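K.L.:
Got start.tsv for you, TSV, C-alpha atoms:
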```
chain	number	residue	atom	x	y	z
A	190	MET	CA	301.64	198.37	351.99
A	191	ASN	CA	302.36	194.64	352.29
A	192	THR	CA	305.12	193.04	354.35
A	193	ASP	CA	307.51	192.71	351.38
A	194	ASP	CA	307.14	196.42	350.66
A	195	LEU	CA	307.73	197.29	354.30
A	196	ILE	CA	310.90	195.19	354.36
A	197	ALA	CA	312.10	196.77	351.10
A	198	HIS	CA	311.54	200.27	352.46
A	199	ALA	CA	313.31	199.42	355.70
A	200	ARG	CA	316.27	198.13	353.69
A	201	ALA	CA	316.45	201.18	351.43
A	202	ARG	CA	319.95	202.58	351.63
A	203	PHE	CA	321.08	206.15	351.33
A	204	ASP	CA	322.51	206.66	347.85
A	205	HIS	CA	325.89	208.24	348.62
A	206	VAL	CA	327.04	208.28	345.00
A	207	ALA	CA	323.99	210.18	343.74
A	208	ALA	CA	324.05	212.50	346.76
A	209	ARG	CA	327.72	213.38	346.12
A	210	ARG	CA	327.02	214.13	342.47
A	211	LEU	CA	324.06	216.27	343.47
A	212	LEU	CA	326.19	218.19	345.97
A	213	LYS	CA	328.72	218.91	343.23
A	214	GLU	CA	325.98	220.17	340.93
A	215	LYS	CA	324.41	222.19	343.74
A	216	TYR	CA	327.62	223.98	344.66
A	217	ALA	CA	328.58	224.53	341.02
A	218	GLY	CA	325.39	226.61	340.85
A	219	LYS	CA	326.18	228.46	344.05
A	220	MET	CA	329.56	229.60	342.71
A	221	LEU	CA	327.84	231.85	340.16
A	222	PHE	CA	327.43	235.53	340.79
A	223	ALA	CA	326.70	238.70	338.87
A	224	TYR	CA	329.07	241.67	338.97
A	225	ASN	CA	329.14	244.83	336.86
A	226	GLY	CA	326.65	243.42	334.38
A	227	GLY	CA	328.66	240.24	333.85
A	228	MET	CA	328.15	236.69	335.12
A	229	TRP	CA	331.09	235.03	336.89
A	230	ARG	CA	331.93	231.67	338.39
A	231	ALA	CA	333.96	231.82	341.60
A	232	GLY	CA	336.73	229.25	341.49
A	233	PRO	CA	340.42	228.65	340.93
A	234	GLU	CA	340.32	229.71	337.27
A	235	LEU	CA	338.87	233.17	337.92
A	236	LEU	CA	340.94	233.70	341.08
A	237	THR	CA	344.17	232.80	339.29
A	238	LEU	CA	343.33	235.12	336.42
A	239	LEU	CA	342.60	237.97	338.84
A	240	GLN	CA	345.95	237.46	340.55
A	241	ALA	CA	347.69	237.82	337.21
A	242	VAL	CA	346.25	241.23	336.29
A	243	PRO	CA	347.45	244.55	337.75
A	244	VAL	CA	345.19	245.45	340.67
A	245	GLU	CA	345.44	249.23	340.43
A	246	ASP	CA	343.70	249.56	337.04
A	247	ASN	CA	340.36	248.50	335.69
A	248	VAL	CA	340.71	245.62	333.26
A	249	VAL	CA	338.42	244.05	330.69
A	250	LEU	CA	337.62	240.36	331.19
A	251	LEU	CA	335.28	237.99	329.40
A	252	ASP	CA	332.39	236.84	331.55
A	253	LEU	CA	330.65	233.43	331.33
A	254	TYR	CA	328.73	234.60	328.26
A	255	ASP	CA	331.94	235.75	326.52
A	256	ASN	CA	330.92	239.38	326.90
A	257	PRO	CA	333.78	241.80	327.60
A	258	VAL	CA	333.17	243.50	330.96
A	259	LYS	CA	335.25	246.26	332.54
A	260	VAL	CA	335.98	245.24	336.13
A	261	ASN	CA	337.88	246.44	339.15
A	262	PRO	CA	340.10	243.37	339.72
A	263	ALA	CA	340.50	243.92	343.46
A	264	GLU	CA	336.73	244.19	343.93
A	265	LEU	CA	335.98	241.17	341.76
A	266	GLN	CA	338.69	239.15	343.51
A	267	TYR	CA	337.21	240.04	346.91
A	268	LEU	CA	333.74	238.91	345.81
A	269	ALA	CA	334.97	235.75	344.08
A	270	LEU	CA	337.23	234.67	346.92
A	271	GLY	CA	334.54	235.33	349.52
A	272	ARG	CA	331.93	233.35	347.63
A	273	TRP	CA	334.32	230.51	346.82
A	274	GLN	CA	335.45	230.07	350.43
A	275	GLU	CA	331.94	230.37	351.81
A	276	GLN	CA	330.49	227.81	349.43
A	277	MET	CA	333.42	225.39	349.73
A	278	ASN	CA	333.00	225.44	353.51
A	279	ALA	CA	329.26	224.81	353.17
A	280	TRP	CA	330.01	221.97	350.73
A	281	LEU	CA	332.42	220.37	353.22
A	282	VAL	CA	329.89	220.59	356.06
A	283	GLU	CA	327.16	218.96	353.95
A	284	HIS	CA	329.58	216.37	352.61
A	285	ASP	CA	330.64	215.36	356.12
A	286	GLU	CA	327.06	215.20	357.37
A	287	MET	CA	326.07	213.07	354.40
A	288	SER	CA	328.97	210.66	354.88
A	289	GLN	CA	327.51	209.61	358.22
A	290	LYS	CA	324.13	208.63	356.76
A	291	ARG	CA	323.29	204.96	356.26
B	192	MET	CA	312.78	248.61	337.31
B	193	THR	CA	310.03	246.32	338.61
B	194	THR	CA	310.92	242.68	339.03
B	195	GLY	CA	308.62	239.79	339.85
B	196	ALA	CA	307.74	236.18	339.24
B	197	VAL	CA	304.81	234.93	337.19
B	198	ILE	CA	303.31	231.45	337.50
B	199	LEU	CA	300.67	230.04	335.18
B	200	ALA	CA	298.30	227.69	336.99
B	201	PHE	CA	295.25	225.98	335.54
B	202	ASN	CA	293.85	223.09	337.54
B	203	ASN	CA	292.87	219.91	335.74
B	204	GLU	CA	290.86	216.92	336.93
B	205	GLU	CA	293.77	215.59	339.01
B	206	THR	CA	296.21	218.34	339.91
B	207	ASP	CA	295.73	221.45	342.02
B	208	TYR	CA	298.19	223.67	340.18
B	209	VAL	CA	296.82	226.81	341.88
B	210	GLY	CA	297.58	225.39	345.33
B	211	MET	CA	301.03	224.42	344.08
B	212	ALA	CA	301.57	227.94	342.73
B	213	ALA	CA	300.46	229.54	346.03
B	214	TRP	CA	302.98	227.39	347.95
B	215	SER	CA	305.63	228.32	345.38
B	216	ALA	CA	304.77	232.05	345.72
B	217	ARG	CA	305.53	231.84	349.44
B	218	ASN	CA	308.87	230.15	348.69
B	219	ILE	CA	309.70	232.77	346.05
B	220	ARG	CA	308.96	235.63	348.45
B	221	ARG	CA	311.03	233.98	351.19
B	222	HIS	CA	314.09	233.22	349.07
B	223	LEU	CA	314.11	235.79	346.29
B	224	GLY	CA	312.21	238.64	347.94
B	225	ILE	CA	310.19	239.46	344.84
B	226	PRO	CA	306.41	239.66	344.30
B	227	THR	CA	304.62	236.83	342.53
B	228	SER	CA	301.71	237.07	340.13
B	229	ILE	CA	299.52	234.31	338.81
B	230	ILE	CA	297.80	233.78	335.47
B	231	THR	CA	294.85	231.49	336.10
B	232	ASP	CA	291.21	230.73	335.44
B	233	CYS	CA	290.61	230.17	339.16
B	234	GLN	CA	288.06	232.60	340.66
B	235	ASP	CA	288.38	231.66	344.34
B	236	ILE	CA	289.74	234.75	346.11
B	237	ASP	CA	290.84	232.80	349.19
B	238	LEU	CA	293.06	230.51	347.11
B	239	LEU	CA	294.63	233.51	345.37
B	240	SER	CA	295.54	235.55	348.46
B	241	ASP	CA	299.22	234.63	348.22
B	242	PHE	CA	299.64	236.49	344.95
B	243	ASP	CA	300.37	240.17	344.45
B	244	VAL	CA	298.60	240.36	341.09
B	245	VAL	CA	296.02	237.93	339.73
B	246	MET	CA	295.47	237.87	335.97
B	247	SER	CA	292.45	236.01	334.69
B	248	ALA	CA	292.83	233.98	331.55
B	249	ASP	CA	291.06	231.04	329.99
B	250	ALA	CA	292.81	227.69	330.16
B	251	GLN	CA	294.39	226.83	326.83
B	252	THR	CA	294.82	223.13	326.47
B	253	GLY	CA	297.84	221.54	324.88
B	254	GLY	CA	296.08	218.19	324.77
B	255	ALA	CA	295.98	215.26	327.15
B	256	ARG	CA	299.10	213.68	328.59
B	257	TYR	CA	299.90	210.51	330.49
B	258	PHE	CA	301.42	211.20	333.90
B	259	GLU	CA	303.33	208.31	335.41
B	260	ASP	CA	302.75	209.39	339.01
B	261	TYR	CA	298.95	209.48	338.51
B	262	ASN	CA	299.04	206.42	336.27
B	263	GLN	CA	296.49	208.03	333.98
B	264	THR	CA	296.03	210.49	331.16
B	265	VAL	CA	294.90	213.96	332.21
B	266	SER	CA	294.21	217.28	330.47
B	267	TRP	CA	297.17	219.53	330.12
B	268	HIS	CA	296.42	223.28	330.13
B	269	ASN	CA	299.86	224.45	329.19
B	270	ALA	CA	299.35	226.51	326.05
B	271	GLY	CA	298.97	229.97	327.60
B	272	ARG	CA	302.63	230.52	328.33
B	273	THR	CA	303.21	232.40	325.09
B	274	ASP	CA	301.00	235.23	326.46
B	275	VAL	CA	303.25	235.91	329.44
B	276	TYR	CA	305.21	238.64	327.67
B	277	ASP	CA	302.04	240.69	327.13
B	278	LEU	CA	300.43	239.90	330.48
B	279	THR	CA	303.31	240.37	332.91
B	280	PRO	CA	303.04	243.43	335.15
B	281	TYR	CA	306.83	243.54	335.56
B	282	GLU	CA	309.66	244.93	333.47
B	283	GLN	CA	311.82	241.97	334.48
B	284	THR	CA	309.95	238.70	334.85
B	285	LEU	CA	310.85	235.28	336.15
B	286	VAL	CA	308.43	232.74	334.69
B	287	LEU	CA	308.26	229.51	336.65
B	288	ASP	CA	306.32	226.29	336.34
B	289	ALA	CA	304.06	225.70	339.32
B	290	ASP	CA	305.98	222.49	339.99
B	291	TYR	CA	309.38	224.19	340.12
B	292	VAL	CA	310.45	224.22	343.76
B	293	VAL	CA	312.37	227.31	344.86
B	294	ALA	CA	314.40	226.26	347.89
B	295	SER	CA	317.33	228.68	347.69
B	296	ASN	CA	318.24	232.15	346.46
B	297	ASP	CA	320.17	230.75	343.48
B	298	LEU	CA	317.85	232.42	340.97
B	299	LYS	CA	318.98	235.82	342.25
B	300	HIS	CA	322.04	235.59	340.02
B	301	VAL	CA	319.71	235.14	337.06
B	302	LEU	CA	317.77	238.26	338.08
B	303	ASN	CA	321.04	240.17	338.55
B	304	SER	CA	322.30	239.16	335.13
B	305	ALA	CA	322.27	241.75	332.33
B	306	GLN	CA	320.74	239.37	329.74
B	307	ASP	CA	317.36	240.08	328.12
B	308	PHE	CA	316.26	236.44	327.99
B	309	MET	CA	317.52	233.35	329.78
B	310	CYS	CA	316.40	229.78	330.24
B	311	TYR	CA	317.97	226.41	331.02
B	312	ARG	CA	319.69	224.51	328.25
B	313	SER	CA	319.98	221.10	329.88
B	314	ALA	CA	318.09	219.11	332.48
B	315	TRP	CA	319.90	216.95	335.03
B	316	ASP	CA	318.51	213.85	336.70
B	317	MET	CA	319.03	214.30	340.45
B	318	THR	CA	318.89	210.64	341.35
B	319	ALA	CA	320.86	209.25	338.41
B	320	GLY	CA	323.48	211.98	338.68
B	321	HIS	CA	323.78	212.85	335.00
B	322	THR	CA	322.16	214.99	332.33
B	323	LEU	CA	318.90	213.78	330.84
B	324	ASP	CA	320.38	213.20	327.39
B	325	ARG	CA	317.16	211.71	326.03
B	326	LEU	CA	315.16	214.79	327.08
B	327	ASN	CA	317.77	217.40	326.23
B	328	GLN	CA	317.03	217.06	322.55
B	329	PHE	CA	313.84	216.72	320.58
B	330	GLY	CA	312.47	215.65	317.25
B	331	ASP	CA	313.82	213.23	314.67
B	332	TYR	CA	316.82	215.48	314.01
B	333	ASN	CA	317.89	215.68	317.66
B	334	MET	CA	317.52	219.43	317.88
B	335	PRO	CA	318.84	220.93	321.12
B	336	MET	CA	316.20	221.48	323.77
B	337	TRP	CA	315.72	224.62	325.81
B	338	TRP	CA	313.51	224.30	328.89
B	339	ALA	CA	310.56	226.62	329.45
B	340	THR	CA	310.31	225.56	333.12
B	341	VAL	CA	312.31	228.60	334.25
B	342	MET	CA	312.60	231.67	332.03
B	343	MET	CA	313.81	235.15	332.85
B	344	PHE	CA	313.14	238.01	330.49
B	345	ARG	CA	313.22	241.77	330.38
B	346	LYS	CA	310.87	243.80	328.23
B	347	SER	CA	313.13	243.95	325.20
B	348	ASN	CA	313.21	243.22	321.49
B	349	THR	CA	314.91	239.85	321.99
B	350	ALA	CA	312.34	238.62	324.50
B	351	GLN	CA	309.43	239.91	322.43
B	352	TYR	CA	310.74	238.17	319.29
B	353	ILE	CA	311.04	234.88	321.20
B	354	PHE	CA	307.51	235.06	322.63
B	355	ASP	CA	306.03	236.21	319.30
B	356	CYS	CA	307.81	233.34	317.62
B	357	MET	CA	306.48	230.86	320.20
B	358	GLN	CA	302.99	232.20	319.50
B	359	MET	CA	303.47	231.64	315.77
B	360	ILE	CA	304.74	228.11	316.41
B	361	LYS	CA	301.75	227.36	318.64
B	362	GLN	CA	299.33	228.62	315.99
B	363	ASN	CA	301.02	226.49	313.33
B	364	TRP	CA	301.90	223.55	315.55
B	365	GLN	CA	301.20	220.84	312.99
B	366	HIS	CA	303.55	222.48	310.48
B	367	TYR	CA	306.40	222.74	313.00
B	368	ARG	CA	305.78	219.19	314.20
B	369	ASP	CA	306.27	217.97	310.65
B	370	LEU	CA	309.28	220.20	310.05
B	371	TYR	CA	311.16	219.12	313.18
B	372	GLY	CA	309.93	215.53	313.19
B	373	ILE	CA	308.21	215.79	316.56
B	374	ARG	CA	306.27	212.62	317.27
B	375	HIS	CA	304.30	213.93	320.26
B	376	SER	CA	300.98	215.29	319.01
B	377	ASN	CA	300.60	217.57	322.04
B	378	TYR	CA	301.76	221.14	321.89
B	379	ARG	CA	304.64	221.55	324.32
B	380	ASN	CA	306.16	224.83	325.49
B	381	ASP	CA	309.68	223.40	325.69
B	382	PHE	CA	309.55	222.44	322.01
B	383	ALA	CA	308.05	225.78	320.97
B	384	LEU	CA	310.68	227.66	322.98
B	385	SER	CA	313.50	225.57	321.51
B	386	ILE	CA	312.27	226.16	317.95
B	387	ALA	CA	311.74	229.88	318.66
B	388	ILE	CA	315.25	230.30	320.08
B	389	GLY	CA	316.64	228.61	316.98
B	390	ILE	CA	314.71	230.93	314.66
B	391	VAL	CA	315.36	234.16	316.60
B	392	SER	CA	319.08	233.46	316.97
B	393	GLY	CA	319.40	232.62	313.26
B	394	HIS	CA	320.12	229.02	314.30
B	395	THR	CA	323.29	230.10	316.07
B	396	LEU	CA	321.69	229.22	319.46
B	397	SER	CA	323.42	232.28	320.90
B	398	VAL	CA	320.66	233.03	323.41
B	399	ALA	CA	322.06	233.12	326.94
B	400	GLU	CA	321.43	229.99	328.94
B	401	ILE	CA	321.07	229.95	332.69
B	402	PRO	CA	324.43	228.58	333.86
B	403	GLY	CA	324.19	225.13	335.39
B	404	SER	CA	321.49	222.56	334.85
B	405	LEU	CA	317.80	222.31	335.48
B	406	LEU	CA	317.84	219.85	338.38
B	407	SER	CA	314.94	217.49	337.87
B	408	LEU	CA	313.21	214.69	339.72
B	409	MET	CA	311.59	212.22	337.34
B	410	PRO	CA	307.93	211.22	337.88
B	411	ALA	CA	308.94	207.67	338.85
B	412	VAL	CA	310.86	209.02	341.86
B	413	THR	CA	308.85	209.36	345.05
B	414	LEU	CA	309.33	212.67	346.76
B	415	THR	CA	308.73	211.28	350.22
B	416	GLY	CA	308.74	214.33	352.40
B	417	GLN	CA	309.84	217.70	353.49
B	418	GLU	CA	311.73	217.02	356.67
B	419	TRP	CA	312.06	220.73	357.40
B	420	ALA	CA	312.01	223.91	355.37
B	421	ASP	CA	313.81	223.43	352.05
B	422	HIS	CA	315.01	219.94	352.96
B	423	TYR	CA	313.51	217.12	350.92
B	424	SER	CA	313.92	213.39	350.75
B	425	VAL	CA	313.31	211.03	347.86
B	426	GLU	CA	312.97	207.30	347.38
B	427	TYR	CA	313.64	205.53	344.10
B	428	THR	CA	314.81	202.34	342.47
B	429	ASP	CA	318.32	202.53	341.05
B	430	SER	CA	319.66	200.88	337.89
B	431	ASN	CA	320.33	197.68	339.86
B	432	ASN	CA	316.68	197.60	340.90
B	433	LYS	CA	317.54	198.39	344.51
B	434	LEU	CA	315.48	200.79	346.59
B	435	LYS	CA	317.49	203.87	347.51
B	436	THR	CA	316.88	207.04	349.47
B	437	MET	CA	318.48	210.44	349.26
B	438	GLY	CA	318.05	213.77	350.98
B	439	PHE	CA	319.00	217.25	349.87
B	440	ALA	CA	318.61	220.80	351.12
B	441	GLY	CA	318.72	224.26	349.60
B	442	VAL	CA	318.41	222.99	346.04
B	443	ASP	CA	315.92	224.38	343.53
B	444	PHE	CA	314.42	221.58	341.45
B	445	HIS	CA	311.74	220.65	338.95
B	446	ALA	CA	309.39	218.09	340.50
B	447	MET	CA	308.07	216.26	337.46
B	448	GLY	CA	305.94	214.03	339.70
B	449	LYS	CA	303.15	216.44	340.62
B	450	LYS	CA	301.29	214.01	342.86
B	451	HIS	CA	304.15	213.67	345.33
B	452	LEU	CA	304.64	217.42	345.44
B	453	GLU	CA	300.93	217.90	346.06
B	454	ASN	CA	301.12	215.53	349.03
B	455	ILE	CA	303.99	217.51	350.52
B	456	ILE	CA	302.14	220.80	350.03
B	457	ALA	CA	299.00	219.34	351.62
B	458	GLY	CA	301.10	218.27	354.59
B	459	ALA	CA	302.74	221.68	354.90
B	460	SER	CA	299.52	223.70	354.96
```
Could you spell out this file's structure in structure tokens?

P.N.:
Amino acid sequence: MNTDDLIAHARARFDHVAARRLLKEKYAGKMLFAYNGGMWRAGPELLTLLQAVPVEDNVVLLDLYDNPVKVNPAELQYLALGRWQEQMNAWLVEHDEMSQKR
Amino acid sequence: MTTGAVILAFNNEETDYVGMAAWSARNIRRHLGIPTSIITDCQDIDLLSDFDVVMSADAQTGGARYFEDYNQTVSWHNAGRTDVYDLTPYEQTLVLDADYVVASNDLKHVLNSAQDFMCYRSAWDMTAGHTLDRLNQFGDYNMPMWWATVMMFRKSNTAQYIFDCMQMIKQNWQHYRDLYGIRHSNYRNDFALSIAIGIVSGHTLSVAEIPGSLLSLMPAVTLTGQEWADHYSVEYTDSNNKLKTMGFAGVDFHAMGKKHLENIIAGAS
């Protein structure tokens, strides 16, 4: 490696924009989970829907593949909320760590 | 039901795909907790000790291909993938490229899904931060691409039709090249899979895709190191021609630059 290359490598900066986009893509993948034969994405949309349905009965919802799946709303809400909070917290930790990189 | 991963690995003059697959098998066991089998022409027992089942097969070449990271054209033994359906010892199989890095348990949701066949629909450039639009379609008619890098299938009619169809496409490659306006002369699994999915689904493309994108590092990007388990760093030139670095952890990705991945594996062992 010549001197110019060494200087260029030393000057290489952490790409915050790309890293943020990658974090978003990473955590979008981590929000997915399987339940009762269906595939679900934990997030505000699913959680809001689950709050709107009666909790005492099983209901039929469309999963990510548009398949109707009979679910226990309380159980699905517990799983979705748990995963969403866990992954959002992990996202925040990584985001904050990354923000300090130069 | 038995579940496991299968990796096809045939070394060429430049790349140690078997070594890459052995490293990947250890990652798969650690993150997904499933056994891994290999389909290979390698006979060295010591190199194959990381696999639960070893299936011997002759290398089937798809032609020669230029690899940017090696800066040369090398043989490409990629054509055996259509046999996976018949060869797999598992009822549910995860087929992975040797250069697909498993660094998380994200693929568990694919294994837990009720679908008979799944693969990625779009690839995403990790350093550019957008989908690889140029690579997410193929042929003169811009047909949608499905990626054979990661496939999950259960022994089922749907999966068998797709693999049988891929086999037919491989055997009649020139015809399908002409039909779809594919300019590459080499047989490529991604193209065969994409055509097969179109045919099997009656061109409705209703086969289930793996949610999310196939995160990919292009060959021009230098995978500079594995700082600790499942944490990688890369160096690349951005669109303004400036040298940039980035690090990421717990992300599964397709390392298109085999040479850099080989260096990391050599350093890890």

K.L.:
List as a list in words the protein and nucleic acid residues near segment 213-224 of chain A, meaning an atom at most 7 Å away when only C-alpha atoms are counted, but skip any in the same chain fewer than 3 places from it.

P.N.:
Arg209, Arg210, Gly227, Met228, Trp229, Arg230, Ala231, Arg272, Trp273, Gln276 and Trp280 of chain A; Asp297, His300, Asn303, Ser304, Gly403 and Val442 of chain B

K.L.:
To one decimal in Å, tell me the separation between atom CA of Val301 of chain B and atom CA of Thr194 of chain B.

P.N.:
11.7 Å

K.L.:
Find the residue from A:Ala263, A:Val258, A:Ile196, A:Ala207 that sits nearest to Asp246 of chain A; use all atoms listed in the file when measuring.

P.N.:
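Residue with the minimum atom-to-atom distance to Asp246 of chain A: A:Ala263.
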
K.L.:
Using only C-alpha atoms, pick whichever of B:Trp419, B:Trp315, B:Tyr371, B:Phe382 has the shortest atom-to-atom distance to chain A.

P.N.:
B:Trp315

K.L.:
Mind listing whatever residues come within 10 Å of the point (326.1, 216.9, 354.4)? Use all atoms listed in the file, file coordinates, and give them as a list in words.

P.N.:
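Those residues, ordered by chain and then number, are Ala208, Arg209, Leu212, Ala279, Trp280, Leu281, Val282, Glu283, His284, Asp285, Glu286, Met287, Ser288, Gln289 and Lys290 of chain A; Gly438, Phe439 and Ala440 of chain B.
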
K.L.:
Which residues of chain B come within 10 Å of chain A, and what is each one's closest atom pair and distance in Å (one decimal), counting only C-alpha atoms, sorted by chain and residue number, as JSON lines?

P.N.:
```
{"residue": "B:Ser295", "atom": "CA", "partner": "A:Lys219", "partner_atom": "CA", "distance": 9.6}
{"residue": "B:Asn296", "atom": "CA", "partner": "A:Lys219", "partner_atom": "CA", "distance": 9.1}
{"residue": "B:Asp297", "atom": "CA", "partner": "A:Lys219", "partner_atom": "CA", "distance": 6.5}
{"residue": "B:Leu298", "atom": "CA", "partner": "A:Gly218", "partner_atom": "CA", "distance": 9.5}
{"residue": "B:Lys299", "atom": "CA", "partner": "A:Phe222", "partner_atom": "CA", "distance": 8.6}
{"residue": "B:His300", "atom": "CA", "partner": "A:Phe222", "partner_atom": "CA", "distance": 5.4}
{"residue": "B:Val301", "atom": "CA", "partner": "A:Ala223", "partner_atom": "CA", "distance": 8.1}
{"residue": "B:Leu302", "atom": "CA", "partner": "A:Ala223", "partner_atom": "CA", "distance": 9.0}
{"residue": "B:Asn303", "atom": "CA", "partner": "A:Ala223", "partner_atom": "CA", "distance": 5.9}
{"residue": "B:Ser304", "atom": "CA", "partner": "A:Ala223", "partner_atom": "CA", "distance": 5.8}
{"residue": "B:Ala305", "atom": "CA", "partner": "A:Gly226", "partner_atom": "CA", "distance": 5.1}
{"residue": "B:Gln306", "atom": "CA", "partner": "A:Gly226", "partner_atom": "CA", "distance": 8.5}
{"residue": "B:Trp315", "atom": "CA", "partner": "A:Glu214", "partner_atom": "CA", "distance": 9.1}
{"residue": "B:Asp316", "atom": "CA", "partner": "A:Leu211", "partner_atom": "CA", "distance": 9.1}
{"residue": "B:Met317", "atom": "CA", "partner": "A:Leu211", "partner_atom": "CA", "distance": 6.2}
{"residue": "B:Thr318", "atom": "CA", "partner": "A:Ala207", "partner_atom": "CA", "distance": 5.7}
{"residue": "B:Ala319", "atom": "CA", "partner": "A:Ala207", "partner_atom": "CA", "distance": 6.3}
{"residue": "B:Gly320", "atom": "CA", "partner": "A:Ala207", "partner_atom": "CA", "distance": 5.4}
{"residue": "B:His321", "atom": "CA", "partner": "A:Arg210", "partner_atom": "CA", "distance": 8.2}
{"residue": "B:Ser397", "atom": "CA", "partner": "A:Tyr254", "partner_atom": "CA", "distance": 9.4}
{"residue": "B:Val398", "atom": "CA", "partner": "A:Tyr254", "partner_atom": "CA", "distance": 9.5}
{"residue": "B:Ala399", "atom": "CA", "partner": "A:Tyr254", "partner_atom": "CA", "distance": 7.0}
{"residue": "B:Glu400", "atom": "CA", "partner": "A:Tyr254", "partner_atom": "CA", "distance": 8.7}
{"residue": "B:Ile401", "atom": "CA", "partner": "A:Gly218", "partner_atom": "CA", "distance": 9.8}
{"residue": "B:Pro402", "atom": "CA", "partner": "A:Gly218", "partner_atom": "CA", "distance": 7.3}
{"residue": "B:Gly403", "atom": "CA", "partner": "A:Gly218", "partner_atom": "CA", "distance": 5.8}
{"residue": "B:Ser404", "atom": "CA", "partner": "A:Glu214", "partner_atom": "CA", "distance": 7.9}
{"residue": "B:Leu406", "atom": "CA", "partner": "A:Glu214", "partner_atom": "CA", "distance": 8.5}
{"residue": "B:Val425", "atom": "CA", "partner": "A:Phe203", "partner_atom": "CA", "distance": 9.8}
{"residue": "B:Glu426", "atom": "CA", "partner": "A:Ala201", "partner_atom": "CA", "distance": 8.1}
{"residue": "B:Tyr427", "atom": "CA", "partner": "A:Ala201", "partner_atom": "CA", "distance": 9.0}
{"residue": "B:Thr428", "atom": "CA", "partner": "A:Ala201", "partner_atom": "CA", "distance": 9.2}
{"residue": "B:Asp429", "atom": "CA", "partner": "A:Asp204", "partner_atom": "CA", "distance": 9.0}
{"residue": "B:Lys433", "atom": "CA", "partner": "A:Ala201", "partner_atom": "CA", "distance": 7.5}
{"residue": "B:Leu434", "atom": "CA", "partner": "A:Ala201", "partner_atom": "CA", "distance": 5.0}
{"residue": "B:Lys435", "atom": "CA", "partner": "A:Ala201", "partner_atom": "CA", "distance": 4.9}
{"residue": "B:Thr436", "atom": "CA", "partner": "A:Phe203", "partner_atom": "CA", "distance": 4.7}
{"residue": "B:Met437", "atom": "CA", "partner": "A:Phe203", "partner_atom": "CA", "distance": 5.4}
{"residue": "B:Gly438", "atom": "CA", "partner": "A:Ala208", "partner_atom": "CA", "distance": 7.4}
{"residue": "B:Phe439", "atom": "CA", "partner": "A:Ala208", "partner_atom": "CA", "distance": 7.6}
{"residue": "B:Ala440", "atom": "CA", "partner": "A:Glu283", "partner_atom": "CA", "distance": 9.2}
{"residue": "B:Gly441", "atom": "CA", "partner": "A:Lys215", "partner_atom": "CA", "distance": 8.4}
{"residue": "B:Val442", "atom": "CA", "partner": "A:Lys215", "partner_atom": "CA", "distance": 6.5}
{"residue": "B:Asp443", "atom": "CA", "partner": "A:Lys215", "partner_atom": "CA", "distance": 8.8}
```

K.L.:
Tell me, in Å to one decimal, how far atom CA of Val209 of chain B is from atom CA of Asp381 of chain B.

P.N.:
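According to the coordinates, atom CA of Val209 of chain B and atom CA of Asp381 of chain B are separated by 21.0 Å.
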
K.L.:
Please measure the separation of atom CA of Leu251 of chain A and atom CA of Thr349 of chain B, giving the value in Å to one decimal.

P.N.:
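If I compute the distance from atom CA of Leu251 of chain A to atom CA of Thr349 of chain B, I get 21.8 Å.
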
K.L.:
Excluding Thr237 of chain A and residues on its chain fewer than 2 positions from it, collect all residues at most 12 Å away from it, counting only C-alpha atoms, and give them as a short mmCIF file (atom, residue, chain, number, x, y, z; two decimals) with C-alpha atoms, keeping the file's coordinate frame.

P.N.:
```
data_model
loop_
_atom_site.label_atom_id
_atom_site.label_comp_id
_atom_site.auth_asym_id
_atom_site.auth_seq_id
_atom_site.Cartn_x
_atom_site.Cartn_y
_atom_site.Cartn_z
CA ALA A 231 333.96 231.82 341.60
CA GLY A 232 336.73 229.25 341.49
CA PRO A 233 340.42 228.65 340.93
CA GLU A 234 340.32 229.71 337.27
CA LEU A 235 338.87 233.17 337.92
CA LEU A 239 342.60 237.97 338.84
CA GLN A 240 345.95 237.46 340.55
CA ALA A 241 347.69 237.82 337.21
CA VAL A 242 346.25 241.23 336.29
CA PRO A 262 340.10 243.37 339.72
CA LEU A 265 335.98 241.17 341.76
CA GLN A 266 338.69 239.15 343.51
CA ALA A 269 334.97 235.75 344.08
CA LEU A 270 337.23 234.67 346.92
#
```

K.L.:
Nearest to Thr413 of chain B: which of B:Arg272, B:His445, B:Lys361, B:Lys450 is it, counting all atoms listed in the file?

P.N.:
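Closest to Thr413 of chain B of all the choices is B:Lys450.
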
K.L.:
Using all atoms listed in the file, can you tell me which of B:Ser385, B:Gln234, B:Ser240, B:Ser430 comes closest to Ala212 of chain B?

P.N.:
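Smallest distance to Ala212 of chain B is found for B:Ser240.
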
K.L.:
Which residues, written as JSON, numbers by chain, have at least one atom at most 10 Å from Phe201 of chain B, with all atoms listed in the file counted and residues fewer than 5 positions away on the same chain left out?

P.N.:
{"B": [206, 207, 208, 209, 212, 229, 230, 231, 232, 233, 248, 249, 250, 251, 252, 267, 268, 269, 271, 289]}
